[in-house]
Structures are given as structure tokens and as C-alpha cells.
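Have a look at the structure below, then the notes.
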Amino acid sequence: MTIYEELKARGLIAQVTNEEEISKMVNEGKAIFYIGFDPTADSLHVGHFMALCLMKRLQEAGNKPIALIGGGTGMIGDPSGRSDMRQMMTVEMIQHNCDCFKKQMSRFIDFSEGKAMMVNNADWLMELNYIELLREVGSHFSVNRMLTAECYKQRMEKGLSFLEFNYMIMQSYDFYELFRRYGCNMQFGGDDQWSNMLGGTELIRRKLGKDAHAMTITLLLNSEGKKMGKTQSGAVWLDPEKTSPFDFFQYWRNVGDGDVLKCLRMLTFLPLEQIDEMDQWEGSQLNKAKEILAYELTKLVHGEEEAEKALKGARELFAGGNAANMPSYELEDSDFTDGSVDILTILQKSGLAPTRSEARRNVEQGGVSVDGDAVTDVKAVFTKEAFSGEGLVVKRGKKKFVKVSAK
């Protein structure tokens with residue numbers, strides 16, 4: 001099976017502009033491709049997983065990835081796939097986030113000399129002259145055609161600013177500059193980016209001639225991948241300071257039965273033959289598949305040692321044991337009043353709830369337990385002595401657990 005055939009078999013490719021030529025370039029290791037990342041936070045999340053795994057697969061097949069950081073477009077915002085506009089950011093915020101991204105991406109991509117690149121579109125977008133842009137780029141875009149793009153249709157109902165309207169032009173110009181500067185001949189992106197990607201391919205051909213080889217591929221990155229990045233309690237980050245390896249493991253351990261094989265194919269590097277054998281699994285066997293998924297992805301992001309700890313902690317927890325390897329939190333003396341601490345403080349201090357009001361809702365909705373006993377009274381308190389020894393396992397919902405102790 002060629003690398004392109006494998007990408008299709010794993011369900012990664014949704015649309016292409018020229019499958020015959022694209023597959024040939026990818027299989028021969030001649031693709032210099034880019035995927036864009038918006039530096040809107042200081043950590044990547046699991047919604048980026050599909051793109052990172054794709055870059056790793058293609059690089060291992062001899063192709064060269066370019067991670068394009070949207071430092072310039074981050075100064076503008078992006079309406080794609082959203083009902084509102086992204087927050088504008090300062091140059092300092094963007095640079096900090098870029099540095100964090102590269103550290104996390106390095107677990108997937110080899111950035112050594114000649115193997116891969118990370119570039120920032122601020123390098124060319126921030127230097128653009130407005131009149132020159134209108135003459136050299138704007139003349140190649142049809143407003144009528146742009147307004148048919150789904151990303152603009154969604155915003156038209158609430159009002160589309162001229163600033164946002166320029167985003168397609170900026171992204172198209174990115175591909176042109178990457179092609180011109182680095183020989184980038186292929187771009188990948190989610191289905192919400194398809195119109196912007198086609199714009200980039202068309203711009204290259206219009207400015208450089210029909211013989212300019214620039215290809216586009218769209219993945220199931222938005223409809224399947226990006227939705228993986230959000231849970232009811234917020235984003236699942238790759239940064240262990242934001243989402244612990246145990247919580248990361250638990251997120252994947254709790255995917256739906258109908259998604260586990262899809263995630264194994266798209267996101268892990270297990271052989272397809274091994275995954276195909278799981279197609280017949282059902283009942284408790286699906287839980288084994290989820291455990292395999294959680295372990296493989298935790299190992300990929302956090303390393304084998306952390307994956308082993310998370311696996312052991314999860315098994316201890318489900319077996320009703322003490323779960324020594326789960327995340328822990330130690331209450332300070334100042335957290336106690338007259339030798340006791342209330343359940344809302346425990347939830348907020350341990351990170352199980354971001355605010356007291358959220359903690360209150362969790363308790364009132366019956367989603368909180370302490371050492372297996374449900375806590376439904378928002379005024380419930382626990383003495384400091386209760387946290388001595390091994391501490392207490394505090395649970396919120398089905399996925400969040402913390403072992404809480406006291407000094």
C-alpha cells in the first residue's frame with residue numbers, strides 16, 4: 001500500500017484537485033506541503049491532532065512539511081468555520097504562542113536541517129503595501145465568487161466586516177509566497193478552508209502561469225478533527241500544564257463507541273491490519289480498543305512513561321483501587337476554615353471546576369462524588385483529617401478525577 005492509499009484508507013482525505021498528480025508526488029516523496037496553524041493560544045489541542053499526525057506520516061514517507069503559523073492573519077482574525085471573529089492579538093502574544101507550538105510539534109515533526117520548516121506569515125503580510133496588494137493580488141479575485149464561500153455566507157447574516165472579507169486573499173497570498181519562496185507545491189487544510197485553498201491555487205496559476213504546479217487537498221480536519229478538540233468542560237490541550245497526561249488519557253478512553261475505530265485509523269500509527277481486526281469487537285472489547293487508543297495517543301504526546309502511569313492509574317480507578325497514578329492536588333492550610341473545607345472550594349482549588357459557580361452547578365446536577373459517595377449538598381464540608389493518608393478521590397462527571405490530600 002502506498003502512502004497516499006494509506007491516507008485514503010485511514011479516512012484522512014476528503015477532496016483533492018488532481019488526485020493522479022497529487023498521489024504521484026506524495027508517493028515519490030516530492031511534496032513540499034504546508035498546513036496552517038492559528039496562534040490563538042499558547043498550546044495546541046487535540047483538534048490539531050489530525051494535522052500533526054498527517055505531517056508526521058508524510059514526512060516519514062520523504063515529503064517535507066511546512067508548519068505555517070498565522071502571525072500575520074492572527075493580527076486580523078478569521079471568520080472561517082465560525083459565527084464570530086477571532087480575537088486580534090499582539091505581536092508579543094503571537095511570538096510566545098509560536099514558540100510553544102514548535103516545542104509541541106517537535107514530538108511529531110523532525111525540524112532538523114532540511115527536514116521541515118516553521119514559518120510565520122507575518123514575514124510577508126506585515127510588509128505588504130496596500131496599493132501594490134490591490135494591483136497584484138486583488139485583481140485576481142471575483143467578489144461575487146468570494147461571497148459564495150461558506151465561511152462568508154455564515155457571517156453575512158450578522159454582518160461581514162471588510163477586514164474579515166480580506167482573509168481569503170491573505171490565505172491565498174500565503175500559498176503564493178510559500179510557493180515562490182520555498183517551492184511549496186501542496187497545501188492541506190480542513191473542509192472549512194476549501195474555498196481559501198482553491199483561491200491560493202488559482203492565484204499561483206494566474207500570476208505564474210498554468211504550468212505552475214500547486215495542488216490542494218482538504219482533509220476531514222474540521223468536521224471530524226477539530227470537534228475532537230472540545231469537550232463540555234473546555235479544550236483538551238497538548239500542554240501537560242493545561243491538561244494532565246491522566247486527563248488526556250481519560251479523554252480518549254471515553255470516546256464514543258462509534259468513534260473509537262475512526263480515531264484509531266486517523267490518529268494512531270498502528271497498522272491498519274491490526275485496527276481492521278477490531279472491527280468485529282463489541283461490548284467490553286470496545287473498552288479495550290478505547291484503552292489502546294488512549295495509550296497510543298498519550299505515548300505520542302507525553303511519552304511512554306507518562307502513558308504507562310496514566311494507563312495504570314485508569315485501571316486502578318476503574319477497579320475501585322486507590323489510583324495512585326491519577327492527578328493529585330494538595331490543599332493548603334489556608335484552604336481550611338476552622339479545620340474544614342467545603343466541596344465547592346475542593347472542586348475549584350483542585351482544578352475540577354474553573355469557578356465556584358461552575359462547581360455549584362456540578363454538585364446540584366449530581367455529577368460530583370468523593371471516594372465513591374455522591375455529594376449533592378453544595379454546603380457539604382470535609383475535615384482536614386479526612387484527607388490524611390492516601391487522601392480522597394474526588395470525581396466530577398465521568399472523566400475528571402483528582403486525588404486530593406492535605407499538608
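Ligands are numbered from 1 in the order shown, residues from 1 within each chain, and chains are lettered A, B, ... in the order they appear in the C-alpha cells.
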* Sel. of helix (DSSP H, G or I) residues, segment 121-362 of chain A, as number ranges by chain -> A: 122-125, 130-136, 138-140, 143-146, 150-156, 162-165, 167-182, 191-208, 221-229, 245-253, 260-267, 272-280, 284-302, 304-318, 333-335, 343-349, 356-362
* Backbone-only DSSP, strand (DSSP E) members of segment 192-398 of chain A, as a ChimeraX atom specification -> /A:215-219,230-231,234-235,328-331,340-342,368-370,373-374,381-383,392-396
Generate the output file for the selected residues, C-alpha atoms, as a JSON list (two decimals), in the first residue's frame.
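Final file, out_36.json:
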[["chain", "number", "residue", "atom", "x", "y", "z"],
["A", 215, "MET", "CA", -2.03, 21.31, -5.51],
["A", 216, "THR", "CA", -4.72, 21.37, -2.85],
["A", 217, "ILE", "CA", -6.07, 18.65, -0.62],
["A", 218, "THR", "CA", -8.73, 19.05, 2.02],
["A", 219, "LEU", "CA", -8.97, 16.70, 4.97],
["A", 230, "LYS", "CA", -13.59, 20.42, 22.58],
["A", 231, "THR", "CA", -15.41, 18.78, 25.44],
["A", 234, "GLY", "CA", -13.38, 23.10, 27.52],
["A", 235, "ALA", "CA", -10.39, 22.28, 25.33],
["A", 328, "SER", "CA", -3.25, 14.86, 42.61],
["A", 329, "TYR", "CA", -3.73, 18.11, 44.47],
["A", 330, "GLU", "CA", -2.60, 19.08, 47.95],
["A", 331, "LEU", "CA", -4.79, 21.51, 49.88],
["A", 340, "SER", "CA", -12.84, 22.14, 57.43],
["A", 341, "VAL", "CA", -13.15, 22.87, 53.71],
["A", 342, "ASP", "CA", -16.33, 22.95, 51.62],
["A", 368, "VAL", "CA", -19.73, 15.03, 41.98],
["A", 369, "SER", "CA", -18.55, 12.23, 44.26],
["A", 370, "VAL", "CA", -15.90, 11.84, 46.95],
["A", 373, "ASP", "CA", -20.03, 8.66, 47.55],
["A", 374, "ALA", "CA", -22.21, 11.15, 45.70],
["A", 381, "VAL", "CA", -17.72, 20.16, 54.22],
["A", 382, "PHE", "CA", -14.81, 17.83, 54.95],
["A", 383, "THR", "CA", -12.37, 17.90, 57.84],
["A", 392, "LEU", "CA", -9.70, 11.30, 48.88],
["A", 393, "VAL", "CA", -10.58, 10.63, 45.24],
["A", 394, "VAL", "CA", -12.79, 13.49, 44.06],
["A", 395, "LYS", "CA", -14.69, 12.89, 40.85],
["A", 396, "ARG", "CA", -16.56, 15.33, 38.60]]
* Can you tell me, as a count of residues only, what residues are no more than 10 Å from Phe179 of chain A when counting only C-alpha atoms, ignoring any on the same chain fewer than 2 positions away? -> 21
* Determine, counting only C-alpha atoms, which protein, DNA and RNA residues have an atom within 7 Å of an atom of segment 89-91 of chain A; residues of the same chain fewer than 2 positions away are not included. Present the result as a list of chain:residue names. => A:Gly74, A:Met75, A:Gln87, A:Met93, A:Ile94, A:Gln95
* How many Å lie between atom CA of Leu267 of chain A and atom CA of Ala9 of chain A, rounded to one decimal? ->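 We find that atom CA of Leu267 of chain A and atom CA of Ala9 of chain A lie 12.4 Å from each other.
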* **Spatial neighbours of segment 310-320 of chain A, 7 Å, only C-alpha atoms, chain gap at least 5 places, as a ChimeraX atom specification** => /A:245-246,249,295,325-326
